[in-house]
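Engineer: This is the structure I have questions about; it appears just below.
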Amino acid sequence: MRTRGIAMFQYRCAQCRTTSPAAHSRHELNAERNRHRDLFHGGHIPDGEQIIAPRRMSLLDLPGEQRIAAVVLTVVLVVAYMIRF
Ligand SMILES: [Zn+2]
């Protein structure tokens, strides 16, 4: 997940079946994870806990026409670069 260019992470506990609110930094995420471990698991590490990181966007995530436009633009730039040299 990404909001206004800031990477956001979430902590998920599979034992409790809960997901934390988004943390705005790794430091904030670690604090949330440690708080959860202390409050609900006596400081132990619950099995199956996860860090949900923002997914990286790829060309395949674009809608079809934007994907085609990106490929065409790339080809045009490569051809223009080759013609110049
Ligand atoms: Zn838990």
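Quick note on naming: the chains in the structure tokens go A, B, ... in the order shown, residues restart at 1 in each chain, and ligands are numbered from 1 in order of appearance.
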With only C-alpha atoms and all ligand atoms counted, collect every polymer residue having an atom within 12 Å of ligand 1; state the result as a ChimeraX atom specification.

Structural biologist: /A:11-20,32-50

Engineer: Could you save the residues just selected, with N, CA and C atoms, as a tab-separated table (two decimals), in the first residue's frame?

Structural biologist:
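New file part-v4.tsv:
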chain	number	residue	atom	x	y	z
A	11	TYR	N	1.39	-4.88	10.18
A	11	TYR	CA	1.75	-6.09	10.92
A	11	TYR	C	0.52	-6.97	10.99
A	12	ARG	N	0.69	-8.26	10.67
A	12	ARG	CA	-0.43	-9.20	10.73
A	12	ARG	C	-0.09	-10.35	11.65
A	13	CYS	N	-1.00	-10.63	12.58
A	13	CYS	CA	-0.83	-11.78	13.47
A	13	CYS	C	-1.82	-12.86	13.04
A	14	ALA	N	-1.28	-13.97	12.56
A	14	ALA	CA	-2.14	-15.06	12.07
A	14	ALA	C	-2.86	-15.74	13.22
A	15	GLN	N	-2.25	-15.72	14.42
A	15	GLN	CA	-2.88	-16.36	15.58
A	15	GLN	C	-4.16	-15.62	16.00
A	16	CYS	N	-4.07	-14.29	16.03
A	16	CYS	CA	-5.20	-13.47	16.45
A	16	CYS	C	-6.10	-13.09	15.28
A	17	ARG	N	-5.61	-13.34	14.07
A	17	ARG	CA	-6.34	-12.96	12.86
A	17	ARG	C	-6.63	-11.47	12.84
A	18	THR	N	-5.59	-10.69	13.11
A	18	THR	CA	-5.74	-9.23	13.09
A	18	THR	C	-4.62	-8.63	12.25
A	19	THR	N	-4.91	-7.47	11.68
A	19	THR	CA	-3.93	-6.71	10.92
A	19	THR	C	-3.89	-5.31	11.50
A	20	SER	N	-2.69	-4.80	11.73
A	20	SER	CA	-2.54	-3.47	12.34
A	20	SER	C	-2.94	-2.38	11.35
A	32	GLU	N	4.73	-1.34	16.79
A	32	GLU	CA	3.40	-1.97	16.76
A	32	GLU	C	3.52	-3.49	16.97
A	33	ARG	N	4.48	-4.10	16.29
A	33	ARG	CA	4.71	-5.55	16.43
A	33	ARG	C	5.08	-5.91	17.86
A	34	ASN	N	6.00	-5.16	18.43
A	34	ASN	CA	6.43	-5.46	19.81
A	34	ASN	C	5.29	-5.24	20.81
A	35	ARG	N	4.49	-4.18	20.59
A	35	ARG	CA	3.34	-3.92	21.47
A	35	ARG	C	2.36	-5.08	21.40
A	36	HIS	N	2.09	-5.58	20.19
A	36	HIS	CA	1.16	-6.71	20.04
A	36	HIS	C	1.71	-7.97	20.71
A	37	ARG	N	2.99	-8.24	20.47
A	37	ARG	CA	3.60	-9.43	21.09
A	37	ARG	C	3.48	-9.36	22.61
A	38	ASP	N	3.79	-8.19	23.18
A	38	ASP	CA	3.75	-8.04	24.64
A	38	ASP	C	2.34	-8.16	25.19
A	39	LEU	N	1.38	-7.48	24.53
A	39	LEU	CA	0.01	-7.45	25.05
A	39	LEU	C	-0.71	-8.79	24.93
A	40	PHE	N	-0.53	-9.47	23.80
A	40	PHE	CA	-1.36	-10.64	23.53
A	40	PHE	C	-0.63	-11.98	23.58
A	41	HIS	N	0.72	-11.94	23.59
A	41	HIS	CA	1.46	-13.19	23.54
A	41	HIS	C	2.57	-13.24	24.58
A	42	GLY	N	2.48	-12.39	25.60
A	42	GLY	CA	3.46	-12.43	26.68
A	42	GLY	C	4.88	-12.21	26.20
A	43	GLY	N	5.04	-11.45	25.10
A	43	GLY	CA	6.38	-11.16	24.58
A	43	GLY	C	6.90	-12.22	23.63
A	44	HIS	N	6.18	-13.32	23.49
A	44	HIS	CA	6.61	-14.38	22.57
A	44	HIS	C	6.30	-13.99	21.13
A	45	ILE	N	6.95	-14.67	20.20
A	45	ILE	CA	6.72	-14.43	18.78
A	45	ILE	C	5.64	-15.39	18.30
A	46	PRO	N	4.48	-14.89	17.93
A	46	PRO	CA	3.41	-15.79	17.48
A	46	PRO	C	3.75	-16.43	16.13
A	47	ASP	N	3.38	-17.70	15.98
A	47	ASP	CA	3.59	-18.38	14.70
A	47	ASP	C	2.78	-17.69	13.61
A	48	GLY	N	3.38	-17.57	12.47
A	48	GLY	CA	2.67	-17.07	11.30
A	48	GLY	C	2.53	-15.56	11.23
A	49	GLU	N	3.27	-14.83	12.08
A	49	GLU	CA	3.14	-13.37	11.97
A	49	GLU	C	3.76	-12.91	10.66
A	50	GLN	N	3.24	-11.80	10.14
A	50	GLN	CA	3.68	-11.32	8.83
A	50	GLN	C	3.85	-9.81	8.84

Engineer: Using DSSP secondary structure from the backbone, list all alpha helix (DSSP H) positions within chain A, as a PDB file with C-alpha atoms, in the first residue's frame.

Structural biologist:
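Generated file (states_21.pdb):
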ATOM      1  CA  ARG A  26       9.804   0.495   9.851  1.00  0.00           C
ATOM      2  CA  HIS A  27      10.400   1.971  13.313  1.00  0.00           C
ATOM      3  CA  GLU A  28       6.652   2.528  13.811  1.00  0.00           C
ATOM      4  CA  LEU A  29       5.930  -0.976  12.484  1.00  0.00           C
ATOM      5  CA  ASN A  30       8.437  -2.575  14.876  1.00  0.00           C
ATOM      6  CA  ALA A  31       6.848  -0.705  17.792  1.00  0.00           C
ATOM      7  CA  GLU A  32       3.397  -1.972  16.757  1.00  0.00           C
ATOM      8  CA  ARG A  33       4.707  -5.553  16.425  1.00  0.00           C
ATOM      9  CA  ASN A  34       6.425  -5.456  19.810  1.00  0.00           C
ATOM     10  CA  ARG A  35       3.343  -3.916  21.467  1.00  0.00           C
ATOM     11  CA  HIS A  36       1.165  -6.707  20.037  1.00  0.00           C
ATOM     12  CA  ARG A  37       3.597  -9.429  21.093  1.00  0.00           C
ATOM     13  CA  ASP A  38       3.753  -8.040  24.639  1.00  0.00           C
ATOM     14  CA  LEU A  39       0.006  -7.449  25.046  1.00  0.00           C
ATOM     15  CA  PHE A  40      -1.362 -10.642  23.528  1.00  0.00           C
ATOM     16  CA  HIS A  41       1.457 -13.185  23.539  1.00  0.00           C
ATOM     17  CA  GLY A  64      -4.256  -2.325 -21.594  1.00  0.00           C
ATOM     18  CA  GLU A  65      -4.101   0.944 -23.534  1.00  0.00           C
ATOM     19  CA  GLN A  66      -1.568   2.478 -21.105  1.00  0.00           C
ATOM     20  CA  ARG A  67       0.551  -0.680 -21.295  1.00  0.00           C
ATOM     21  CA  ILE A  68       0.579  -0.462 -25.112  1.00  0.00           C
ATOM     22  CA  ALA A  69       1.409   3.264 -24.928  1.00  0.00           C
ATOM     23  CA  ALA A  70       4.326   2.538 -22.582  1.00  0.00           C
ATOM     24  CA  VAL A  71       5.708  -0.134 -24.929  1.00  0.00           C
ATOM     25  CA  VAL A  72       5.296   2.118 -28.001  1.00  0.00           C
ATOM     26  CA  LEU A  73       6.990   5.021 -26.195  1.00  0.00           C
ATOM     27  CA  THR A  74       9.876   2.760 -25.168  1.00  0.00           C
ATOM     28  CA  VAL A  75      10.318   1.522 -28.765  1.00  0.00           C
ATOM     29  CA  VAL A  76      10.212   5.111 -30.106  1.00  0.00           C
ATOM     30  CA  LEU A  77      12.846   6.230 -27.586  1.00  0.00           C
ATOM     31  CA  VAL A  78      15.111   3.267 -28.385  1.00  0.00           C
ATOM     32  CA  VAL A  79      14.781   3.864 -32.155  1.00  0.00           C
ATOM     33  CA  ALA A  80      15.401   7.616 -31.702  1.00  0.00           C
ATOM     34  CA  TYR A  81      18.481   6.827 -29.628  1.00  0.00           C
ATOM     35  CA  MET A  82      19.783   4.375 -32.276  1.00  0.00           C
ATOM     36  CA  ILE A  83      19.181   6.821 -35.168  1.00  0.00           C
ATOM     37  CA  ARG A  84      21.094   9.525 -33.365  1.00  0.00           C
TER      38      ARG A  84
END

Engineer: Taking the DSSP secondary structure from the backbone, can you list the residues of chain A that are strand (DSSP E), as a PyMOL selection string?

Structural biologist: chain A and resi 2-3+6-7+10-13+18-19+50-52

Engineer: With C-alpha atoms kept, could you save the residues just selected as a PDB file, in the first residue's frame?

Structural biologist:
ATOM      1  CA  ARG A   2       1.259   3.459  -0.800  1.00  0.00           C
ATOM      2  CA  THR A   3      -0.172   6.824   0.126  1.00  0.00           C
ATOM      3  CA  ILE A   6       5.137   7.152   1.480  1.00  0.00           C
ATOM      4  CA  ALA A   7       5.667   3.411   1.850  1.00  0.00           C
ATOM      5  CA  GLN A  10       1.204  -3.438   8.280  1.00  0.00           C
ATOM      6  CA  TYR A  11       1.749  -6.086  10.916  1.00  0.00           C
ATOM      7  CA  ARG A  12      -0.435  -9.197  10.726  1.00  0.00           C
ATOM      8  CA  CYS A  13      -0.833 -11.781  13.474  1.00  0.00           C
ATOM      9  CA  THR A  18      -5.739  -9.233  13.085  1.00  0.00           C
ATOM     10  CA  THR A  19      -3.926  -6.705  10.921  1.00  0.00           C
ATOM     11  CA  GLN A  50       3.678 -11.318   8.828  1.00  0.00           C
ATOM     12  CA  ILE A  51       4.841  -7.931   7.675  1.00  0.00           C
ATOM     13  CA  ILE A  52       2.707  -6.713   4.808  1.00  0.00           C
TER      14      ILE A  52
END
